[in-house]
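Novice: Structure supplied as protein33.cif; contents: mmCIF, C-alpha atoms.
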data_my_file
#
loop_
_atom_site.label_atom_id
_atom_site.label_comp_id
_atom_site.auth_asym_id
_atom_site.auth_seq_id
_atom_site.Cartn_x
_atom_site.Cartn_y
_atom_site.Cartn_z
CA MET G 27 80.38 -212.24 221.85
CA THR G 28 77.89 -214.67 223.37
CA THR G 29 75.56 -216.62 221.07
CA ALA G 30 72.62 -218.89 221.83
CA PHE G 31 71.60 -221.61 219.35
CA ILE G 32 67.91 -222.36 219.93
CA ASN G 33 65.02 -224.39 218.49
CA GLY G 34 66.99 -227.39 217.33
CA THR G 35 68.37 -230.75 218.38
CA ILE G 36 71.89 -230.82 219.80
CA TYR G 37 74.03 -233.91 219.18
CA SER G 38 77.06 -233.88 221.45
CA ALA G 39 79.21 -236.94 222.11
CA GLN G 40 77.01 -239.45 223.96
CA ASN G 41 74.17 -236.97 224.52
CA ILE G 42 71.17 -235.78 222.52
CA TYR G 43 69.49 -232.60 223.73
CA ASP G 44 65.99 -231.49 222.78
CA HIS G 45 64.41 -228.33 224.20
CA HIS G 46 67.87 -227.02 225.03
CA ALA G 47 70.07 -224.18 223.82
CA LEU G 48 73.78 -224.21 223.07
CA ILE G 49 75.57 -221.20 224.54
CA VAL G 50 78.78 -220.12 222.81
CA GLU G 51 81.13 -217.48 224.18
CA GLY G 52 83.82 -216.41 221.74
CA GLU G 53 85.65 -219.46 220.40
CA TYR G 54 84.31 -221.91 222.98
CA VAL G 55 81.13 -223.62 224.07
CA LYS G 56 80.10 -222.21 227.43
CA ASP G 57 77.12 -224.41 228.28
CA ILE G 58 74.06 -226.36 227.17
CA VAL G 59 70.98 -225.13 229.04
CA ASN G 60 67.28 -225.81 229.15
CA THR G 61 65.38 -223.43 226.86
CA GLU G 62 63.73 -221.90 229.93
CA ASN G 63 67.15 -220.89 231.28
CA VAL G 64 68.74 -219.17 228.28
CA PRO G 65 70.74 -216.20 229.57
CA VAL G 66 70.93 -212.75 228.01
CA VAL G 67 73.18 -213.08 224.96
CA ASP G 68 74.51 -210.86 222.17
CA LYS G 69 73.09 -212.98 219.36
CA VAL G 70 70.46 -215.68 218.89
CA VAL G 71 70.65 -218.28 216.11
CA ASP G 72 67.24 -219.82 215.48
CA LEU G 73 67.85 -223.31 214.10
CA LYS G 74 64.19 -223.61 213.04
CA GLY G 75 64.09 -227.32 213.72
CA SER G 76 67.48 -228.19 212.27
CA SER G 77 70.18 -230.02 214.21
CA ILE G 78 73.68 -229.13 215.32
CA THR G 79 76.68 -231.27 216.15
CA ALA G 80 80.39 -230.85 216.61
CA GLY G 81 82.39 -230.21 213.45
CA PHE G 82 83.62 -233.29 211.66
CA ILE G 83 87.21 -234.50 211.88
CA ASP G 84 88.89 -236.10 208.87
CA LEU G 85 92.21 -237.79 209.53
CA GLN G 86 92.77 -238.72 205.88
CA ILE G 87 92.01 -236.26 203.12
CA TYR G 88 94.23 -235.37 200.16
CA GLY G 89 92.38 -232.60 198.41
CA GLY G 90 89.42 -230.27 198.23
CA GLY G 91 88.08 -227.41 196.18
CA GLY G 92 89.41 -229.03 193.02
CA VAL G 93 92.97 -229.12 194.39
CA LEU G 94 95.13 -232.13 195.20
CA PHE G 95 97.81 -230.78 197.51
CA SER G 96 100.62 -233.06 196.32
CA GLU G 97 100.10 -231.75 192.77
CA HIS G 98 100.10 -228.10 193.84
CA LEU G 99 102.57 -227.67 196.69
CA THR G 100 101.83 -224.03 197.49
CA VAL G 101 100.30 -222.07 200.34
CA GLU G 102 97.64 -220.81 197.95
CA ALA G 103 96.60 -224.35 197.00
CA LEU G 104 96.54 -225.39 200.63
CA ASN G 105 94.30 -222.45 201.45
CA THR G 106 91.90 -223.28 198.60
CA MET G 107 91.73 -226.88 199.81
CA THR G 108 91.24 -225.87 203.44
CA GLN G 109 88.43 -223.42 202.75
CA ALA G 110 86.52 -226.06 200.78
CA ILE G 111 87.03 -228.71 203.44
CA VAL G 112 85.74 -226.44 206.20
CA LYS G 113 82.69 -225.37 204.20
CA SER G 114 81.77 -229.03 203.73
CA GLY G 115 81.48 -229.46 207.52
CA THR G 116 84.94 -230.76 208.40
CA THR G 117 86.40 -228.33 210.91
CA ASN G 118 89.56 -230.29 211.75
CA TYR G 119 91.69 -232.38 209.43
CA PHE G 120 95.07 -233.94 208.73
CA LEU G 121 96.64 -232.86 205.46
CA THR G 122 97.38 -236.23 203.87
CA LEU G 123 99.98 -237.22 201.29
CA ALA G 124 100.34 -240.60 199.67
CA THR G 125 103.65 -242.32 198.93
CA ASN G 126 105.93 -239.93 197.08
CA THR G 127 109.53 -238.79 196.79
CA PRO G 128 111.44 -237.40 199.81
CA GLU G 129 111.52 -234.04 198.03
CA VAL G 130 107.72 -233.87 197.87
CA PHE G 131 107.37 -234.85 201.52
CA ASP G 132 109.97 -232.25 202.55
CA GLN G 133 108.23 -229.53 200.51
CA ALA G 134 104.85 -230.48 202.01
CA ILE G 135 106.26 -230.03 205.51
CA ARG G 136 107.70 -226.64 204.59
CA ILE G 137 104.43 -225.42 203.04
CA GLU G 138 102.35 -226.66 205.96
CA ALA G 139 104.68 -224.81 208.33
CA GLN G 140 104.03 -221.56 206.43
CA TYR G 141 100.26 -221.88 206.63
CA SER G 142 98.20 -221.31 209.75
CA HIS G 143 94.53 -222.22 209.98
CA PRO G 144 92.53 -223.43 213.00
CA SER G 145 91.20 -226.45 211.08
CA LEU G 146 94.59 -227.82 210.03
CA MET G 147 95.98 -230.08 212.76
CA GLY G 148 99.05 -231.47 211.02
CA ILE G 149 100.16 -233.97 208.41
CA HIS G 150 99.36 -237.63 207.76
CA PHE G 151 101.86 -239.48 205.58
CA GLU G 152 100.24 -242.56 204.08
CA GLY G 153 103.45 -244.26 203.10
CA PRO G 154 106.09 -244.75 201.85
CA TYR G 155 106.70 -247.57 204.36
CA LEU G 156 104.10 -249.89 202.84
CA ASN G 157 104.00 -253.45 201.59
CA PRO G 158 104.29 -253.31 197.76
CA LEU G 159 102.04 -256.38 197.55
CA LYS G 160 99.24 -254.11 198.81
CA LYS G 161 100.28 -250.86 197.17
CA GLY G 162 96.82 -250.10 195.79
CA ALA G 163 97.09 -246.79 193.92
CA HIS G 164 100.46 -245.89 195.48
CA VAL G 165 103.64 -245.35 193.45
CA GLU G 166 105.58 -248.58 193.83
CA LYS G 167 109.02 -247.15 193.01
CA CYS G 168 108.80 -244.88 196.07
CA ILE G 169 107.75 -247.64 198.50
CA HIS G 170 110.52 -248.87 200.79
CA VAL G 171 111.36 -250.15 204.25
CA ALA G 172 112.01 -247.41 206.79
CA SER G 173 115.41 -247.02 208.40
CA LEU G 174 116.00 -245.45 211.78
CA GLU G 175 118.25 -242.89 210.12
CA GLU G 176 115.45 -241.86 207.77
CA ILE G 177 112.98 -241.65 210.65
CA GLU G 178 115.30 -239.43 212.67
CA ASP G 179 115.69 -237.16 209.64
CA LEU G 180 111.91 -237.01 209.23
CA LEU G 181 111.38 -236.17 212.88
CA GLU G 182 113.99 -233.41 212.71
CA LYS G 183 112.45 -231.84 209.60
CA SER G 184 108.89 -232.31 210.80
CA LYS G 185 109.34 -230.58 214.15
CA GLY G 186 106.10 -232.15 215.31
CA ARG G 187 104.07 -231.35 212.19
CA VAL G 188 103.75 -234.97 211.04
CA LYS G 189 101.10 -236.35 213.39
CA MET G 190 100.16 -239.66 211.77
CA ILE G 191 101.86 -242.26 209.56
CA THR G 192 100.32 -245.24 207.80
CA LEU G 193 102.77 -248.13 207.44
CA ALA G 194 102.82 -251.89 207.00
CA PRO G 195 103.77 -253.41 210.38
CA GLU G 196 105.12 -256.63 208.87
CA PHE G 197 107.35 -254.64 206.52
CA ASN G 198 109.13 -252.44 209.05
CA HIS G 199 111.36 -253.18 212.02
CA GLU G 200 109.88 -252.81 215.48
CA SER G 201 112.62 -250.31 216.37
CA VAL G 202 111.17 -247.95 213.72
CA ILE G 203 107.67 -248.40 215.05
CA LYS G 204 108.79 -247.77 218.63
CA ARG G 205 110.73 -244.65 217.63
CA LEU G 206 107.72 -243.14 215.87
CA LEU G 207 105.47 -243.94 218.81
CA ASP G 208 108.00 -242.44 221.23
CA ALA G 209 107.86 -239.26 219.14
CA GLY G 210 104.11 -239.07 219.70
CA ILE G 211 103.13 -239.99 216.16
CA ILE G 212 99.95 -242.00 215.66
CA ILE G 213 100.73 -245.14 213.67
CA SER G 214 98.04 -246.72 211.57
CA ALA G 215 98.53 -250.12 209.93
CA GLY G 216 97.66 -250.02 206.28
CA HIS G 217 98.63 -251.09 202.77
CA SER G 218 99.68 -254.21 204.58
CA ASN G 219 99.70 -257.94 203.88
CA ALA G 220 100.09 -258.76 207.57
CA SER G 221 98.90 -262.06 208.93
CA PHE G 222 96.76 -262.10 212.05
CA GLU G 223 99.89 -262.77 214.12
CA GLU G 224 101.96 -260.02 212.47
CA ALA G 225 99.21 -257.46 212.86
CA THR G 226 98.61 -258.44 216.48
CA LYS G 227 102.32 -258.04 217.18
CA GLY G 228 102.09 -254.53 215.75
CA PHE G 229 99.17 -253.67 218.01
CA ASN G 230 101.07 -255.07 220.98
CA LEU G 231 103.97 -252.74 220.10
CA GLY G 232 101.55 -249.82 220.35
CA ILE G 233 100.13 -249.30 216.85
CA GLN G 234 96.84 -247.56 217.52
CA ALA G 235 94.85 -247.78 214.30
CA VAL G 236 94.11 -249.37 210.94
CA THR G 237 93.86 -247.32 207.73
CA HIS G 238 90.75 -247.64 205.51
CA LEU G 239 89.60 -251.04 206.74
CA PHE G 240 89.51 -253.76 204.04
CA ASN G 241 91.14 -251.61 201.36
CA ALA G 242 94.72 -252.50 200.37
CA MET G 243 95.25 -255.06 203.11
CA SER G 244 95.28 -258.79 203.74
CA SER G 245 91.87 -260.37 203.40
CA PHE G 246 89.66 -261.72 206.14
CA HIS G 247 90.03 -265.43 205.32
CA HIS G 248 88.84 -268.36 207.37
CA ARG G 249 92.39 -269.78 207.52
CA ASP G 250 94.10 -266.46 208.20
CA THR G 251 91.92 -263.54 209.18
CA GLY G 252 94.74 -261.12 208.45
CA LEU G 253 94.79 -257.48 209.46
CA PRO G 254 90.97 -257.16 209.54
CA GLY G 255 90.69 -260.13 211.88
CA ALA G 256 93.43 -258.76 214.10
CA VAL G 257 91.70 -255.42 214.61
CA PHE G 258 88.35 -257.15 215.15
CA ALA G 259 89.93 -259.31 217.87
CA ASN G 260 91.88 -256.48 219.52
CA SER G 261 90.31 -254.58 222.40
CA THR G 262 91.91 -251.16 221.87
CA ALA G 263 92.97 -250.67 218.24
CA VAL G 264 90.64 -248.54 216.13
CA ALA G 265 89.97 -248.54 212.40
CA SER G 266 89.00 -245.96 209.81
CA ILE G 267 86.63 -246.80 206.98
CA ILE G 268 85.55 -245.15 203.72
CA ALA G 269 81.75 -245.27 203.75
CA ASP G 270 81.00 -244.61 200.09
CA GLY G 271 79.65 -248.05 199.17
CA ILE G 272 82.46 -248.36 196.61
CA HIS G 273 85.64 -248.74 198.60
CA VAL G 274 83.66 -250.86 201.06
CA ASN G 275 80.33 -252.59 200.48
CA TYR G 276 77.62 -251.37 202.86
CA GLU G 277 77.11 -254.88 204.24
CA ALA G 278 80.82 -254.97 205.15
CA LEU G 279 80.37 -251.58 206.81
CA LYS G 280 77.39 -252.88 208.77
CA ILE G 281 79.26 -256.00 209.92
CA SER G 282 82.37 -254.00 210.83
CA LYS G 283 80.32 -251.59 212.89
CA ALA G 284 78.68 -254.44 214.78
CA LEU G 285 82.09 -255.91 215.62
CA LEU G 286 84.12 -252.76 216.30
CA LYS G 287 81.39 -250.56 217.79
CA GLU G 288 82.99 -247.31 219.01
CA ARG G 289 86.36 -248.36 217.54
CA LEU G 290 85.24 -247.65 213.95
CA PHE G 291 85.49 -244.09 212.64
CA LEU G 292 85.00 -242.35 209.31
CA ILE G 293 87.51 -240.87 206.90
CA THR G 294 86.85 -239.57 203.40
CA ASP G 295 90.15 -240.48 201.69
CA ALA G 296 89.00 -237.74 199.32
CA VAL G 297 91.14 -236.61 196.41
CA ALA G 298 90.67 -234.18 193.52
CA PRO G 299 91.03 -234.46 189.74
CA THR G 300 94.64 -234.16 188.56
CA LYS G 301 96.45 -233.85 185.26
CA SER G 302 100.08 -234.07 186.33
CA GLY G 303 102.38 -235.80 188.79
CA PRO G 304 102.50 -239.46 189.84
CA TYR G 305 98.83 -239.52 190.86
CA ILE G 306 96.43 -238.96 187.97
CA HIS G 307 93.02 -239.15 189.61
CA VAL G 308 90.18 -239.46 187.10
CA PHE G 309 86.66 -238.79 188.31
CA ASN G 310 84.33 -241.68 187.48
CA GLU G 311 80.71 -240.84 188.37
CA ASP G 312 81.02 -241.17 192.16
CA HIS G 313 84.69 -242.00 192.86
CA TYR G 314 88.21 -241.56 191.54
CA ALA G 315 90.43 -244.05 189.75
CA LEU G 316 93.82 -244.07 188.08
CA PRO G 317 93.93 -244.12 184.27
CA ASP G 318 94.39 -247.91 184.36
CA GLY G 319 91.17 -248.29 186.34
CA THR G 320 92.76 -248.84 189.76
CA LEU G 321 90.45 -247.49 192.47
CA SER G 322 92.08 -244.50 194.14
CA GLY G 323 90.43 -241.89 196.35
CA SER G 324 86.83 -241.08 197.14
CA ALA G 325 84.58 -238.18 196.22
CA LEU G 326 83.04 -238.14 199.70
CA SER G 327 82.51 -235.44 202.26
CA GLN G 328 82.23 -236.47 205.90
CA PHE G 329 78.58 -235.40 205.86
CA GLN G 330 77.90 -237.75 202.94
CA ALA G 331 79.73 -240.54 204.79
CA VAL G 332 77.54 -239.98 207.87
CA MET G 333 74.37 -240.07 205.80
CA ASN G 334 75.52 -243.23 204.01
CA CYS G 335 75.94 -244.89 207.41
CA VAL G 336 72.41 -243.88 208.33
CA ASN G 337 70.72 -244.64 205.03
CA HIS G 338 72.59 -247.76 203.94
CA ALA G 339 74.11 -249.41 207.02
CA ASP G 340 71.34 -249.04 209.61
CA ILE G 341 73.53 -246.94 211.90
CA ALA G 342 71.62 -244.50 214.10
CA LEU G 343 72.23 -240.83 213.31
CA ASP G 344 73.78 -239.99 216.68
CA GLU G 345 76.22 -242.91 216.35
CA ALA G 346 77.08 -242.04 212.74
CA LEU G 347 77.86 -238.49 213.86
CA ARG G 348 80.15 -239.81 216.59
CA MET G 349 82.01 -241.81 213.94
CA ALA G 350 82.85 -238.51 212.21
CA ASN G 351 83.65 -236.33 215.23
CA TYR G 352 83.80 -237.88 218.70
CA TYR G 353 85.67 -241.10 217.89
CA PRO G 354 88.47 -239.53 215.83
CA ALA G 355 88.87 -236.90 218.56
CA LYS G 356 89.35 -239.72 221.08
CA LEU G 357 92.12 -241.22 218.92
CA LEU G 358 93.79 -237.82 218.83
CA GLY G 359 93.39 -237.37 222.56
CA ASN G 360 92.06 -233.85 222.02
CA PRO G 361 89.41 -232.90 224.60
CA GLU G 362 88.49 -229.63 222.85
CA ILE G 363 87.02 -231.09 219.66
CA GLY G 364 84.51 -233.76 218.67
CA HIS G 365 81.77 -232.70 221.11
CA LEU G 366 79.76 -229.65 222.20
CA GLU G 367 79.98 -229.85 225.95
CA SER G 368 81.31 -226.97 228.05
CA GLY G 369 84.91 -226.12 227.16
CA ALA G 370 84.80 -227.47 223.62
CA LYS G 371 85.88 -225.39 220.68
CA ALA G 372 82.83 -223.82 219.05
CA ASN G 373 83.24 -225.89 215.88
CA ILE G 374 79.62 -226.51 214.94
CA ILE G 375 77.69 -227.92 212.00
CA GLN G 376 74.07 -226.96 211.45
CA PHE G 377 72.37 -229.56 209.26
CA ASN G 378 69.25 -231.38 208.17
CA MET G 379 69.11 -234.87 206.71
CA GLN G 380 69.78 -233.54 203.20
CA LYS G 381 72.58 -231.01 203.60
CA VAL G 382 74.91 -228.96 205.75
CA GLU G 383 73.20 -225.62 206.30
CA GLN G 384 75.93 -223.72 208.14
CA VAL G 385 79.39 -224.32 209.57
CA TYR G 386 80.90 -222.46 212.51
CA LEU G 387 84.64 -222.54 213.04
CA GLN G 388 85.56 -221.35 216.52
CA GLY G 389 82.24 -219.56 216.66
CA MET G 390 82.50 -217.87 213.26
CA ALA G 391 80.04 -218.69 210.45
CA GLN G 392 81.73 -220.03 207.31
CA LEU G 393 78.89 -220.13 204.78
CA PRO G 394 76.99 -217.15 203.31
#
Now that the file is in, can you turn its structure into structure tokens?
Specialist:
Amino acid sequence: MTTAFINGTIYSAQNIYDHHALIVEGEYVKDIVNTENVPVVDKVVDLKGSSITAGFIDLQIYGGGGVLFSEHLTVEALNTMTQAIVKSGTTNYFLTLATNTPEVFDQAIRIEAQYSHPSLMGIHFEGPYLNPLKKGAHVEKCIHVASLEEIEDLLEKSKGRVKMITLAPEFNHESVIKRLLDAGIIISAGHSNASFEEATKGFNLGIQAVTHLFNAMSSFHHRDTGLPGAVFANSTAVASIIADGIHVNYEALKISKALLKERLFLITDAVAPTKSGPYIHVFNEDHYALPDGTLSGSALSQFQAVMNCVNHADIALDEALRMANYYPAKLLGNPEIGHLESGAKANIIQFNMQKVEQVYLQGMAQLP
């Protein structure tokens, strides 16, 4: 089936198209054409002045639809979570688990292997190879230094399903870091007390990213700028940020954007309310915290994060959208997502400045 999306603004990567139509054929974008050159199609979607952009990408999300995956390790729970995530506008994501027991990690890999959905790209393990001094909401008794033997076991069990790992570079041997990188896993420095020098060494080894900038890491201090200073000074490393105004003040977001430019991208770090297990997330008005008050995950969607960038950090809409789709796609090295040019997957969000109006996953509408 061929579909033309007309009468709206198209935001695609570095381009903004007015008076154009997006042509979708099956699961892929075929072309963007001037409205005077729209071909004969099977279906026309009249956007009525709304905008469309590529589906959002969230590389760190723990739950959705009222389900925290690590509390409910079942295919059914994963499906509930996935459906809710997609309907919010995120059409590609990493299933994320925080520091936990080996048994939970092993079960998560097995469940993810049993579930197939075009939005689910793999697993992100945030931990357990973290610095306990910056554990944040993580379970300290499960935090430990990685061994090569453990990494080889993980790689064997994962069979390529674990795509990203957050670890503390100063806490783990460079042989572990190199092995993970050789296996094609994205390493993000996080929950780290690294000095500027230690973090820079990690980037020089090949660490590509920083997890939730400013949260659970060494501070930016005038005598040691720590992990934030190291990523600011680096020319290639990227950083994720939680743009809810709680995990990070909007002024810090604004400053970080000015320094990192296209190297700053959005994650939600979203969780769900829980009543059992090591992570008891309690909803507190606009975020989640542990029972002792420790800040844990967010209550964000990627759309809300984009709008917060626009409304509170003076980031232009097209750039805020790129922070949620194009820039994470670049980190992944996936040319089929994060934009709406010819050859892209037809993962599309229709929106106005107040809400997501419709979501298309590989050309198929997801909302009533």
Novice: Measuring between all atoms listed in the file, which one of G:Ile83, G:Leu99, G:Ala39, G:Ile211 shows the shortest distance to G:Phe329?
Specialist: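 Going through G:Ile83, G:Leu99, G:Ala39, G:Ile211 one by one, the smallest distance to G:Phe329 is for G:Ile83.
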Novice: Evaluate the PyMOL selection byres ((chain G and resi 338-345) around 7) on the structure here and hand back the selected residues as JSON, numbers by chain.
Specialist: {"G": [37, 276, 277, 279, 280, 334, 335, 336, 337, 346, 347, 348, 349]}
Novice: Taking only C-alpha atoms into account, which of G:Asn219, G:Asn198, G:Ser142, G:Gln86 comes nearest G:Phe291?
Specialist: G:Gln86
Novice: Pick out the residues sitting within 12 Å of G:Thr237, and hand them over as a PyMOL selection string; count all atoms listed in the file, and ignore anything fewer than 5 positions along from it in its own chain.
Specialist: chain G and resi 85-86+150-153+156+190-195+212-218+242-243+253-254+257+263-268+290-295
Novice: I need the residue nearest G:Met147 from this list: G:Gln234, G:Thr117, G:Thr35, G:Ser184. Use all atoms listed in the file for the distance.
Specialist: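 Of G:Gln234, G:Thr117, G:Thr35, G:Ser184, the one nearest G:Met147 is G:Thr117, counting all atoms listed in the file.
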Novice: Atom CA of G:Ile363 and atom CA of G:Gly52, how far apart in Å?
Specialist: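 So the answer is 15.2 Å.
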